[in-house]
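Structure data follow from model.txt (compact mmCIF, C-alpha atoms):
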```
# COMPACT_ATOMS: atom_id res chain seq x y z
CA MET A 18 16.21 66.16 17.55
CA VAL A 19 15.66 68.27 20.68
CA MET A 20 18.19 67.25 23.29
CA ALA A 21 20.81 68.40 25.75
CA PRO A 22 24.19 69.34 24.23
CA SER A 23 25.83 65.94 24.71
CA ALA A 24 22.82 63.79 23.86
CA ILE A 25 23.04 61.24 21.08
CA ALA A 26 21.11 61.72 17.84
CA THR A 27 19.57 58.28 17.54
CA THR A 28 16.66 57.84 15.11
CA PRO A 29 15.18 54.91 13.16
CA GLU A 30 17.32 55.90 10.19
CA ASP A 31 20.46 55.09 12.20
CA TYR A 32 19.35 51.46 12.13
CA ALA A 33 18.91 51.10 8.37
CA SER A 34 22.05 48.95 8.36
CA LEU A 35 20.58 46.38 10.74
CA PRO A 36 18.95 43.77 8.45
CA SER A 37 17.02 41.97 11.18
CA LEU A 38 15.30 45.20 12.15
CA LYS A 39 15.09 46.77 8.72
CA ALA A 40 13.30 43.75 7.31
CA ASN A 41 10.65 43.79 10.03
CA TYR A 42 10.28 47.46 10.88
CA THR A 43 7.08 49.22 9.85
CA PRO A 44 5.70 52.58 10.95
CA ARG A 45 2.19 51.14 11.24
CA LEU A 46 1.19 51.56 14.84
CA ASP A 47 -1.26 48.67 14.97
CA GLU A 48 1.71 46.29 15.03
CA SER A 49 3.54 47.36 18.18
CA HIS A 50 5.89 44.37 18.38
CA ASN A 51 8.15 45.74 15.66
CA GLY A 52 8.21 49.15 17.29
CA LYS A 53 9.18 47.64 20.62
CA ALA A 54 11.99 45.64 19.04
CA LEU A 55 13.38 48.75 17.40
CA SER A 56 12.98 50.67 20.64
CA LYS A 57 15.06 48.07 22.50
CA ALA A 58 17.84 48.30 19.93
CA MET A 59 17.86 52.10 19.92
CA ILE A 60 17.86 52.37 23.72
CA GLY A 61 20.70 49.86 23.95
CA ARG A 62 22.71 51.77 21.36
CA ALA A 63 22.17 55.10 23.15
CA LEU A 64 23.16 53.62 26.53
CA GLN A 65 26.29 52.03 25.13
CA GLN A 66 27.44 55.07 23.19
CA ARG A 67 27.17 57.33 26.20
CA VAL A 68 28.98 55.10 28.71
CA GLN A 69 31.75 54.33 26.20
CA GLY A 70 32.53 58.03 26.14
CA ILE A 71 33.06 58.28 29.90
CA ASP A 72 36.40 57.63 31.58
CA GLU A 73 35.83 57.55 35.35
CA ASP A 74 39.55 58.05 35.96
CA THR A 75 39.82 61.36 34.09
CA CYS A 76 36.30 62.80 33.74
CA GLU A 77 35.16 66.01 35.39
CA PRO A 78 32.87 65.85 38.44
CA GLY A 79 29.37 64.93 37.32
CA GLU A 80 30.26 63.59 33.88
CA GLU A 81 29.73 60.04 35.12
CA ASP A 82 26.37 60.87 36.73
CA ALA A 83 23.37 58.61 36.20
CA PHE A 84 21.41 59.42 33.05
CA PHE A 85 18.16 58.51 31.32
CA VAL A 86 17.39 57.34 27.82
CA ALA A 87 13.81 58.24 26.89
CA ASP A 88 12.05 56.81 23.84
CA MET A 89 9.32 59.16 22.70
CA GLY A 90 8.17 56.48 20.27
CA ASP A 91 7.12 54.31 23.21
CA ILE A 92 4.79 57.06 24.42
CA TYR A 93 3.42 57.46 20.90
CA ARG A 94 2.59 53.74 20.73
CA GLN A 95 0.90 53.88 24.11
CA HIS A 96 -1.28 56.72 22.87
CA LEU A 97 -2.35 54.76 19.81
CA ARG A 98 -3.04 51.75 22.03
CA TRP A 99 -5.24 53.92 24.24
CA LYS A 100 -7.21 55.13 21.24
CA LYS A 101 -7.65 51.57 20.00
CA HIS A 102 -8.91 50.09 23.28
CA LEU A 103 -10.48 53.08 25.05
CA ASN A 104 -11.42 55.48 22.30
CA ARG A 105 -14.40 56.94 24.13
CA VAL A 106 -12.20 58.24 26.95
CA LYS A 107 -10.21 61.42 26.23
CA PRO A 108 -6.85 61.09 28.05
CA HIS A 109 -5.73 63.96 30.29
CA TYR A 110 -2.13 63.15 31.19
CA ALA A 111 -1.33 63.31 34.92
CA VAL A 112 1.57 65.79 34.86
CA LYS A 113 2.71 64.85 38.38
CA CYS A 114 3.77 61.40 37.14
CA ASN A 115 6.58 62.77 34.97
CA PRO A 116 6.66 66.46 33.95
CA ASP A 117 9.51 65.94 31.48
CA PRO A 118 9.26 68.81 28.93
CA GLN A 119 9.62 66.51 25.91
CA VAL A 120 6.88 64.23 27.22
CA LEU A 121 4.57 67.20 27.66
CA ARG A 122 5.45 68.52 24.20
CA LEU A 123 4.62 65.22 22.55
CA LEU A 124 1.36 64.71 24.41
CA ALA A 125 0.32 68.27 23.65
CA ALA A 126 1.06 67.71 19.97
CA MET A 127 -1.02 64.50 20.01
CA GLY A 128 -3.99 66.45 21.38
CA THR A 129 -4.29 65.01 24.88
CA GLY A 130 -5.64 66.97 27.79
CA PHE A 131 -3.73 67.44 31.04
CA ASP A 132 -4.47 66.70 34.68
CA CYS A 133 -2.72 69.35 36.80
CA ALA A 134 -2.62 69.55 40.58
CA SER A 135 -0.77 72.82 41.20
CA LYS A 136 -0.03 76.27 39.83
CA ALA A 137 3.39 75.12 38.61
CA GLU A 138 1.92 72.20 36.65
CA ILE A 139 -0.74 74.42 35.08
CA ASP A 140 1.94 76.92 34.13
CA MET A 141 4.12 74.24 32.50
CA VAL A 142 1.26 73.13 30.27
CA LEU A 143 0.08 76.61 29.38
CA ARG A 144 3.61 77.58 28.31
CA LEU A 145 3.35 74.90 25.62
CA GLY A 146 0.48 76.81 24.06
CA VAL A 147 -2.16 74.34 25.29
CA ASP A 148 -5.64 75.88 25.48
CA PRO A 149 -6.88 76.15 29.10
CA SER A 150 -9.96 74.11 28.14
CA ARG A 151 -7.67 71.05 27.84
CA ILE A 152 -6.64 71.28 31.50
CA ILE A 153 -8.49 69.93 34.52
CA TYR A 154 -7.31 71.21 37.89
CA ALA A 155 -7.80 67.80 39.50
CA GLN A 156 -7.01 68.74 43.08
CA PRO A 157 -10.01 68.60 45.45
CA CYS A 158 -8.24 70.71 48.11
CA LYS A 159 -6.67 73.73 46.43
CA THR A 160 -4.47 76.61 47.59
CA LYS A 161 -6.45 79.85 47.47
CA SER A 162 -3.88 81.74 45.44
CA TYR A 163 -3.78 78.85 42.95
CA VAL A 164 -7.55 79.10 42.50
CA ARG A 165 -7.16 82.79 41.70
CA TYR A 166 -4.40 81.92 39.26
CA ALA A 167 -6.57 79.28 37.55
CA SER A 168 -9.35 81.84 37.24
CA LYS A 169 -7.01 84.40 35.69
CA GLN A 170 -5.65 81.85 33.20
CA GLY A 171 -9.08 80.54 32.23
CA VAL A 172 -8.59 77.02 33.63
CA ARG A 173 -12.22 76.45 34.49
CA GLN A 174 -12.43 72.69 35.13
CA MET A 175 -11.66 71.63 38.70
CA THR A 176 -12.64 69.03 41.26
CA PHE A 177 -14.06 69.25 44.79
CA ASP A 178 -15.09 66.76 47.48
CA ASN A 179 -16.11 68.85 50.50
CA SER A 180 -18.25 71.81 51.51
CA ASP A 181 -15.37 74.08 52.53
CA GLU A 182 -13.98 73.83 49.01
CA LEU A 183 -17.33 74.92 47.60
CA TYR A 184 -17.32 78.06 49.73
CA LYS A 185 -13.74 78.76 48.64
CA ILE A 186 -14.64 78.40 44.97
CA LYS A 187 -17.75 80.55 45.41
CA GLU A 188 -15.55 83.33 46.78
CA LEU A 189 -12.66 83.06 44.33
CA PHE A 190 -13.92 81.50 41.09
CA PRO A 191 -17.73 81.23 40.97
CA GLY A 192 -17.64 80.59 37.22
CA ALA A 193 -15.61 77.38 37.55
CA GLU A 194 -16.83 74.12 36.02
CA LEU A 195 -16.91 71.67 38.91
CA TYR A 196 -16.53 67.91 39.16
CA LEU A 197 -17.64 66.19 42.34
CA ARG A 198 -14.98 63.62 43.19
CA ILE A 199 -16.45 60.55 44.81
CA LEU A 200 -14.92 57.90 47.03
CA THR A 201 -13.96 54.60 45.40
CA ASP A 202 -12.59 51.23 46.44
CA ASP A 203 -8.86 51.49 45.68
CA SER A 204 -7.70 48.64 47.92
CA ALA A 205 -6.16 46.81 44.94
CA SER A 206 -3.97 49.74 43.85
CA LEU A 207 -0.27 50.45 44.42
CA CYS A 208 -0.95 53.89 45.88
CA ARG A 209 -4.27 54.41 47.59
CA LEU A 210 -5.87 57.84 47.24
CA SER A 211 -9.26 57.25 48.88
CA LEU A 212 -7.67 57.77 52.30
CA LYS A 213 -7.18 61.41 51.32
CA PHE A 214 -9.74 62.35 48.65
CA GLY A 215 -13.31 61.57 47.64
CA ALA A 216 -16.82 62.17 49.01
CA SER A 217 -18.77 59.14 50.17
CA LEU A 218 -22.15 58.44 48.59
CA ASP A 219 -23.68 59.35 51.96
CA ASP A 220 -22.45 62.93 51.46
CA THR A 221 -22.79 63.52 47.72
CA GLY A 222 -26.44 64.57 47.90
CA ASP A 223 -25.73 67.24 50.50
CA LEU A 224 -22.72 68.54 48.57
CA LEU A 225 -24.73 68.83 45.35
CA ALA A 226 -27.51 70.61 47.22
CA LEU A 227 -25.01 73.08 48.69
CA ALA A 228 -23.48 73.71 45.28
CA ARG A 229 -26.96 74.37 43.95
CA LYS A 230 -27.69 76.77 46.81
CA LEU A 231 -24.42 78.63 46.09
CA ASP A 232 -25.32 78.77 42.38
CA LEU A 233 -22.15 76.93 41.38
CA ASN A 234 -21.80 75.12 38.08
CA VAL A 235 -21.36 71.39 38.69
CA VAL A 236 -20.73 69.79 35.31
CA GLY A 237 -19.59 66.27 36.14
CA VAL A 238 -18.42 63.54 38.46
CA ALA A 239 -14.85 62.32 38.98
CA PHE A 240 -13.33 59.27 40.62
CA HIS A 241 -9.90 57.62 40.90
CA VAL A 242 -9.46 53.91 41.63
CA GLY A 243 -5.90 54.46 42.86
CA SER A 244 -2.52 54.74 41.19
CA GLY A 245 -1.40 51.45 39.67
CA ALA A 246 -4.76 49.71 40.00
CA SER A 247 -4.91 45.95 39.48
CA ASP A 248 -8.59 45.06 39.85
CA PRO A 249 -10.80 45.80 36.80
CA ALA A 250 -13.88 45.40 38.99
CA ALA A 251 -12.93 48.65 40.75
CA PHE A 252 -13.78 50.55 37.56
CA LEU A 253 -17.12 48.77 37.24
CA LYS A 254 -18.22 49.72 40.76
CA ALA A 255 -16.93 53.28 40.40
CA VAL A 256 -18.83 53.83 37.14
CA ARG A 257 -22.01 52.48 38.77
CA ASP A 258 -21.54 54.83 41.72
CA ALA A 259 -20.95 57.75 39.37
CA ARG A 260 -24.25 56.98 37.66
CA PHE A 261 -25.96 57.22 41.05
CA VAL A 262 -24.45 60.68 41.62
CA PHE A 263 -25.44 61.79 38.11
CA ASP A 264 -29.03 60.88 38.99
CA GLN A 265 -28.80 62.75 42.30
CA ALA A 266 -27.63 65.83 40.45
CA ASN A 267 -30.39 65.50 37.87
CA ALA A 268 -32.98 65.48 40.65
CA LEU A 269 -31.60 68.82 41.84
CA GLY A 270 -31.84 70.39 38.40
CA TYR A 271 -28.28 69.82 37.20
CA ASP A 272 -27.57 68.41 33.75
CA LEU A 273 -24.13 66.82 34.13
CA LYS A 274 -22.22 66.40 30.88
CA THR A 275 -18.84 64.85 31.82
CA LEU A 276 -17.51 61.81 33.68
CA ASP A 277 -13.84 61.76 34.76
CA VAL A 278 -12.71 58.14 35.29
CA GLY A 279 -9.36 59.20 36.75
CA GLY A 280 -6.16 57.19 36.48
CA GLY A 281 -4.84 53.90 37.77
CA PHE A 282 -4.07 52.42 34.35
CA VAL A 283 -1.05 50.11 34.14
CA SER A 284 0.37 49.08 30.79
CA GLU A 285 0.59 45.38 31.67
CA THR A 286 -3.14 45.11 32.49
CA PHE A 287 -4.45 47.94 30.34
CA ASP A 288 -6.31 45.86 27.74
CA ASP A 289 -8.32 44.02 30.41
CA MET A 290 -8.98 47.22 32.33
CA ALA A 291 -10.10 49.03 29.18
CA ALA A 292 -12.46 46.21 28.23
CA VAL A 293 -14.22 46.28 31.61
CA LEU A 294 -14.36 50.07 31.68
CA SER A 295 -15.72 50.32 28.13
CA VAL A 296 -18.56 47.89 28.88
CA ALA A 297 -19.42 49.74 32.08
CA LEU A 298 -19.45 53.13 30.35
CA ASP A 299 -21.71 51.89 27.58
CA GLU A 300 -24.09 50.34 30.11
CA TYR A 301 -24.43 53.32 32.43
CA PHE A 302 -23.71 56.42 30.33
CA PRO A 303 -25.16 57.37 26.94
CA PRO A 304 -22.85 58.64 24.16
CA SER A 305 -23.95 62.20 24.95
CA VAL A 306 -21.88 62.07 28.17
CA ARG A 307 -18.29 63.14 27.61
CA VAL A 308 -15.74 60.87 29.30
CA ILE A 309 -12.18 61.83 30.23
CA GLY A 310 -9.40 59.98 32.08
CA GLU A 311 -6.19 60.86 33.89
CA PRO A 312 -3.52 58.28 32.88
CA GLY A 313 0.02 58.89 34.08
CA ARG A 314 2.30 55.87 34.49
CA TYR A 315 0.51 54.18 31.57
CA TYR A 316 2.11 56.65 29.18
CA VAL A 317 5.63 57.02 30.53
CA SER A 318 6.72 54.11 32.70
CA SER A 319 8.28 51.94 29.98
CA ALA A 320 9.59 54.89 27.95
CA PHE A 321 12.45 55.73 30.35
CA THR A 322 15.55 53.66 31.13
CA ILE A 323 18.20 54.83 33.61
CA ALA A 324 21.91 53.97 33.67
CA CYS A 325 23.94 54.26 36.88
CA ASN A 326 27.64 54.07 37.62
CA VAL A 327 29.13 51.81 40.30
CA ILE A 328 31.05 54.25 42.48
CA ALA A 329 32.17 51.88 45.25
CA ARG A 330 32.17 48.23 46.30
CA ARG A 331 32.52 46.41 49.63
CA SER A 332 33.21 42.75 50.18
CA VAL A 333 31.16 41.08 52.92
CA GLU A 334 32.41 37.72 54.23
CA ASP A 335 30.07 35.18 55.71
CA LYS A 336 32.54 33.16 57.80
CA ALA A 337 29.97 30.55 58.72
CA LEU A 338 29.28 29.69 55.07
CA GLY A 339 32.73 30.61 53.84
CA VAL A 340 31.38 32.78 51.03
CA ASN A 341 31.67 36.43 50.08
CA SER A 342 28.92 38.75 48.91
CA TYR A 343 29.32 42.31 47.71
CA MET A 344 27.73 45.68 48.38
CA LEU A 345 27.60 47.86 45.28
CA TYR A 346 27.15 51.62 45.67
CA LEU A 347 25.60 53.53 42.74
CA ASN A 348 25.53 57.25 42.03
CA ASP A 349 21.73 57.32 42.30
CA GLY A 350 19.35 55.99 44.92
CA VAL A 351 16.04 56.28 46.74
CA TYR A 352 16.59 59.98 47.50
CA GLY A 353 17.08 60.50 43.76
CA ASN A 354 15.50 58.82 40.76
CA PHE A 355 14.81 55.62 42.68
CA SER A 356 12.33 57.50 44.85
CA SER A 357 9.75 55.24 43.20
CA ILE A 358 10.88 52.52 45.61
CA MET A 359 9.75 54.58 48.59
CA PHE A 360 6.81 56.49 47.14
CA ASP A 361 5.45 54.19 44.44
CA HIS A 362 6.19 50.68 45.77
CA GLN A 363 8.30 49.84 42.73
CA HIS A 364 10.99 47.15 42.54
CA PRO A 365 13.49 48.19 39.84
CA ILE A 366 15.43 45.30 38.35
CA PRO A 367 19.18 45.88 37.88
CA ARG A 368 20.89 44.71 34.70
CA VAL A 369 24.50 45.00 33.60
CA LEU A 370 25.36 47.56 30.96
CA LYS A 371 29.15 47.66 31.28
CA ALA A 372 31.44 45.32 33.23
CA GLN A 373 35.24 45.23 33.34
CA ASN A 374 35.49 47.93 30.66
CA ASP A 375 33.42 45.93 28.16
CA THR A 376 30.00 47.22 27.10
CA LEU A 377 27.76 44.19 26.84
CA ALA A 378 26.41 43.21 23.46
CA THR A 379 23.67 41.21 25.17
CA TYR A 380 21.60 44.23 26.21
CA ASN A 381 18.39 42.92 24.68
CA ASN A 382 18.81 39.38 25.98
CA HIS A 383 19.14 40.23 29.70
CA SER A 384 21.64 37.38 29.96
CA ASP A 385 23.08 38.99 33.07
CA ALA A 386 20.02 37.92 35.02
CA VAL A 387 21.29 34.34 35.41
CA ALA A 388 23.03 33.44 38.65
CA ALA A 389 26.82 33.35 39.01
CA TYR A 390 28.61 30.92 41.28
CA ASP A 391 31.65 31.05 43.50
CA ALA A 392 34.19 28.65 42.01
CA ALA A 393 35.19 27.25 45.40
CA THR A 394 31.84 26.87 47.19
CA LYS A 395 29.48 26.57 44.22
CA LEU A 396 27.14 28.94 46.06
CA PRO A 397 25.58 31.88 44.21
CA LEU A 398 27.46 35.17 44.21
CA GLU A 399 25.22 37.80 45.68
CA TYR A 400 25.13 41.59 45.53
CA SER A 401 23.17 44.19 47.40
CA ILE A 402 22.78 47.56 45.67
CA TRP A 403 22.87 50.88 47.48
CA GLY A 404 22.48 54.56 46.67
CA PRO A 405 25.13 57.24 47.29
CA THR A 406 23.74 59.00 50.37
CA CYS A 407 24.78 58.43 53.97
CA ASP A 408 21.34 57.14 54.96
CA GLY A 409 20.92 53.43 55.66
CA ILE A 410 17.50 53.26 53.99
CA ASP A 411 19.08 54.23 50.65
CA CYS A 412 18.89 50.66 49.33
CA ILE A 413 17.86 49.81 45.77
CA SER A 414 18.04 46.02 46.03
CA GLU A 415 18.79 43.91 49.08
CA SER A 416 19.74 40.84 47.09
CA TRP A 417 20.68 40.31 43.45
CA THR A 418 22.74 37.67 41.65
CA CYS A 419 24.68 38.42 38.48
CA ALA A 420 26.76 36.54 35.92
CA GLN A 421 29.43 39.25 35.79
CA THR A 422 31.93 40.23 38.47
CA LEU A 423 31.22 43.90 39.06
CA ASP A 424 33.56 46.56 40.39
CA VAL A 425 34.02 50.32 40.58
CA GLY A 426 33.48 52.00 37.22
CA ASP A 427 30.99 49.44 35.90
CA TRP A 428 27.47 50.44 34.85
CA LEU A 429 24.01 49.06 35.56
CA TYR A 430 20.74 50.00 33.90
CA PHE A 431 17.11 49.77 35.00
CA GLU A 432 14.09 49.69 32.71
CA ASP A 433 10.56 51.05 33.34
CA MET A 434 11.84 54.13 35.17
CA GLY A 435 9.52 56.77 33.72
CA ALA A 436 6.86 56.99 36.42
CA TYR A 437 7.30 58.77 39.77
CA THR A 438 11.09 58.77 39.56
CA LYS A 439 12.83 62.03 38.68
CA CYS A 440 9.70 64.03 39.53
CA SER A 441 10.22 63.21 43.23
CA ALA A 442 14.02 63.20 43.34
CA THR A 443 15.63 65.34 46.05
CA LYS A 444 18.94 67.12 46.69
CA PHE A 445 19.47 65.29 49.96
CA ASN A 446 23.11 64.98 51.02
CA GLY A 447 24.11 67.43 48.30
CA PHE A 448 23.38 65.13 45.37
CA SER A 449 21.70 66.52 42.26
CA ASP A 450 17.99 66.16 41.62
CA THR A 451 18.45 66.71 37.86
CA HIS A 452 19.93 64.23 35.44
CA HIS A 453 20.80 64.24 31.79
CA THR A 454 18.28 62.67 29.42
CA VAL A 455 19.05 61.28 25.98
CA TYR A 456 15.91 61.52 23.82
CA ILE A 457 15.33 59.06 21.01
CA SER A 458 12.31 58.18 18.89
CA SER A 459 11.48 54.71 17.60
CA GLU A 460 8.31 55.94 15.83
CA PRO A 461 8.36 58.25 12.79
CA GLY A 462 5.07 59.78 13.98
CA ALA A 463 6.62 60.92 17.25
CA SER A 464 9.73 62.14 15.43
CA ALA A 465 7.60 64.27 13.11
CA LEU A 466 5.61 65.84 15.94
CA LEU A 467 8.73 66.72 17.92
CA GLY A 468 10.92 67.74 14.99
CA TYR A 469 13.51 65.04 15.69
```
Please express the file's structure as structure tokens.
Amino acid sequence: MVMAPSAIATTPEDYASLPSLKANYTPRLDESHNGKALSKAMIGRALQQRVQGIDEDTCEPGEEDAFFVADMGDIYRQHLRWKKHLNRVKPHYAVKCNPDPQVLRLLAAMGTGFDCASKAEIDMVLRLGVDPSRIIYAQPCKTKSYVRYASKQGVRQMTFDNSDELYKIKELFPGAELYLRILTDDSASLCRLSLKFGASLDDTGDLLALARKLDLNVVGVAFHVGSGASDPAAFLKAVRDARFVFDQANALGYDLKTLDVGGGFVSETFDDMAAVLSVALDEYFPPSVRVIGEPGRYYVSSAFTIACNVIARRSVEDKALGVNSYMLYLNDGVYGNFSSIMFDHQHPIPRVLKAQNDTLATYNNHSDAVAAYDAATKLPLEYSIWGPTCDGIDCISESWTCAQTLDVGDWLYFEDMGAYTKCSATKFNGFSDTHHTVYISSEPGASALLGY
């Protein structure tokens, strides 16, 4: 198992003594329910073991810092799910979503491509031994020195959406393989990208003509329906528009070979999205057209769980109602791994991991989500949850009720923390932007690929 020095070696074999799991567990990836059940148990065990080894009263500075547990088996199952429902589309993982080295290692070993948006991201992937042909430089507006770097490294695939970019590429990398990124309707997505990138269909003809005049090699069309898309119809319209641009290019003498359908895939709606996209692709593009995608959060969101320590508590009295609420302060917040609240419109749900020195055995049941009540007033006990910085916007949850009475030294955990979290953490106020990660694997296939 590849891990930091104090990580916990937690593999499926550790759970051979659990009859309820052992009887049901199977390494077959077409039955994901069993894998998810094992994943829950393994994550819970890893969380509990780590916090039980921390004494807030005697530990060294930083030993009680927030930490992640990452299940590589979850990513492995997502990959098999992708292949089952969207086999025609070759995934190119969006590195910006979570550039964790173990995530990149696993995806590289499974044969995915990579969507990179900077020199640093390209470099990370190349250092894994990934062939440059598996990388698309999916940044329509590129730094000139990065274009020279891509040329030197042999990363030929890249996107554009404006004429100035074409002149830049002509000067610096005339042999590049270009994808014209078109504008799409991303109004139903969490993070809209069309405000910044994409050529309208009114401009695509002129851009293709200019590329032809400059003798540049346009090989495909790209679009992105927005990060965290929720409307399957967005894919249908985007595929139809891409077909229109393919025909424009054909009229100019181009023979486009690749369609890049971008990202926007969310695990909860993936099956429906994939069904709509598959039908659209088959209707508008023959099998001879290669199709790639740029999933990010789809792969990693549910694979990462974070645990945070309660470092302080304040009692807030509402004299009018005669009831107290509490402000809990954690050692991570929106300037750290909860940056997804600010940048990705996420709403992480707190759950109790350890309260009053007892690690909860009800990890998998989420029993802490039920409301608690003040014995005197019968009104719900309420908490607000805050990060550690001195900024008032550093709020994780404005209102949360909990069955346990929480105090300094207790621990909370948050699931689905793999997307746009630690990749955008900062060092604001002197707090660390790096956190320990415990790597586990609930799938033998992932364990074998990573050498766990």
Could you jot down the atom CA of Glu399 of chain A to atom CA of Ser332 of chain A separation for me, Å, one decimal place? 10.4 Å
Contacts of Tyr400 of chain A at 10 Å or less, counting only C-alpha atoms, minus same-chain residues fewer than 4 places along, as JSON, numbers by chain? {"A": [330, 331, 332, 333, 341, 342, 343, 344, 345, 414, 415, 416, 417, 418, 419, 422, 423]}
Give the answer as one residue: which of A:Asp277, A:Asp427, A:Asp132, A:Asp411 has the shortest atom-to-atom distance to Leu197 of chain A, using only C-alpha atoms? A:Asp277
Using all atoms listed in the file, I'd like a table of the residues in segment 277-306 of chain A that come within 9 Å of segment 106-121 of chain A; for each, show the closest atom pair and its distance in Å rounded to one decimal, ordered by chain and ascending number, as JSON lines.
```
{"residue": "A:Asp277", "atom": "CA", "partner": "A:Val106", "partner_atom": "CA", "distance": 8.7}
{"residue": "A:Val278", "atom": "CA", "partner": "A:Val106", "partner_atom": "CA", "distance": 8.4}
{"residue": "A:Gly279", "atom": "CA", "partner": "A:His109", "partner_atom": "CA", "distance": 8.8}
{"residue": "A:Gly280", "atom": "CA", "partner": "A:Ala111", "partner_atom": "CA", "distance": 8.0}
{"residue": "A:Ser295", "atom": "CA", "partner": "A:Val106", "partner_atom": "CA", "distance": 8.7}
```
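For the residues A:Leu224, A:Tyr154, A:Trp428, A:Pro249, ranking by smallest atom-to-atom distance to Gln69 of chain A using all atoms listed in the file places A:Trp428 first.
Between atom CA of Phe190 of chain A and atom CA of Phe302 of chain A lies a distance of 29.0 Å.
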Quote the spacing between atom CA of Thr129 of chain A and atom CA of Asn104 of chain A in Å to one decimal place. 12.2 Å
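With distances restricted to all atoms listed in the file, A:Ile153 is the closest residue to Glu194 of chain A from A:Ile153, A:Leu467, A:Met290, A:Leu225.
Taking all atoms listed in the file into account, Ala63 of chain A lies nearest to A:Tyr456 out of the set A:Tyr316, A:Tyr469, A:Tyr456, A:Trp99.
Closest approach to Ile323 of chain A among A:Ala126, A:Ala292, A:Ile152, A:Val369: A:Val369, based on all atoms listed in the file.
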Just save segment 54-69 of chain A with N, CA and C atoms, as a short mmCIF file (atom, residue, chain, number, x, y, z; two decimals), in the first residue's frame.
```
data_model
loop_
_atom_site.label_atom_id
_atom_site.label_comp_id
_atom_site.auth_asym_id
_atom_site.auth_seq_id
_atom_site.Cartn_x
_atom_site.Cartn_y
_atom_site.Cartn_z
N ALA A 54 -20.74 -1.21 0.03
CA ALA A 54 -20.90 -1.57 1.43
C ALA A 54 -19.54 -1.81 2.08
N LEU A 55 -18.67 -2.50 1.37
CA LEU A 55 -17.32 -2.72 1.89
C LEU A 55 -16.57 -1.42 2.03
N SER A 56 -16.73 -0.55 1.05
CA SER A 56 -16.07 0.75 1.09
C SER A 56 -16.48 1.53 2.33
N LYS A 57 -17.77 1.54 2.65
CA LYS A 57 -18.26 2.24 3.84
C LYS A 57 -17.57 1.71 5.10
N ALA A 58 -17.52 0.38 5.19
CA ALA A 58 -16.93 -0.23 6.39
C ALA A 58 -15.44 0.11 6.50
N MET A 59 -14.73 0.06 5.37
CA MET A 59 -13.30 0.32 5.39
C MET A 59 -12.99 1.78 5.70
N ILE A 60 -13.78 2.69 5.13
CA ILE A 60 -13.59 4.12 5.42
C ILE A 60 -13.85 4.38 6.90
N GLY A 61 -14.95 3.82 7.42
CA GLY A 61 -15.25 4.00 8.83
C GLY A 61 -14.15 3.50 9.74
N ARG A 62 -13.61 2.33 9.40
CA ARG A 62 -12.52 1.75 10.20
C ARG A 62 -11.28 2.65 10.15
N ALA A 63 -10.94 3.15 8.97
CA ALA A 63 -9.75 4.01 8.84
C ALA A 63 -9.92 5.31 9.61
N LEU A 64 -11.12 5.91 9.53
CA LEU A 64 -11.38 7.14 10.27
C LEU A 64 -11.24 6.90 11.77
N GLN A 65 -11.87 5.84 12.24
CA GLN A 65 -11.86 5.56 13.68
C GLN A 65 -10.47 5.26 14.20
N GLN A 66 -9.72 4.46 13.46
CA GLN A 66 -8.38 4.11 13.92
C GLN A 66 -7.49 5.33 14.04
N ARG A 67 -7.62 6.24 13.09
CA ARG A 67 -6.73 7.41 13.14
C ARG A 67 -7.09 8.35 14.30
N VAL A 68 -8.38 8.63 14.48
CA VAL A 68 -8.73 9.58 15.55
C VAL A 68 -8.51 8.98 16.93
N GLN A 69 -8.62 7.66 17.05
CA GLN A 69 -8.37 7.03 18.35
C GLN A 69 -6.92 7.16 18.78
#
```
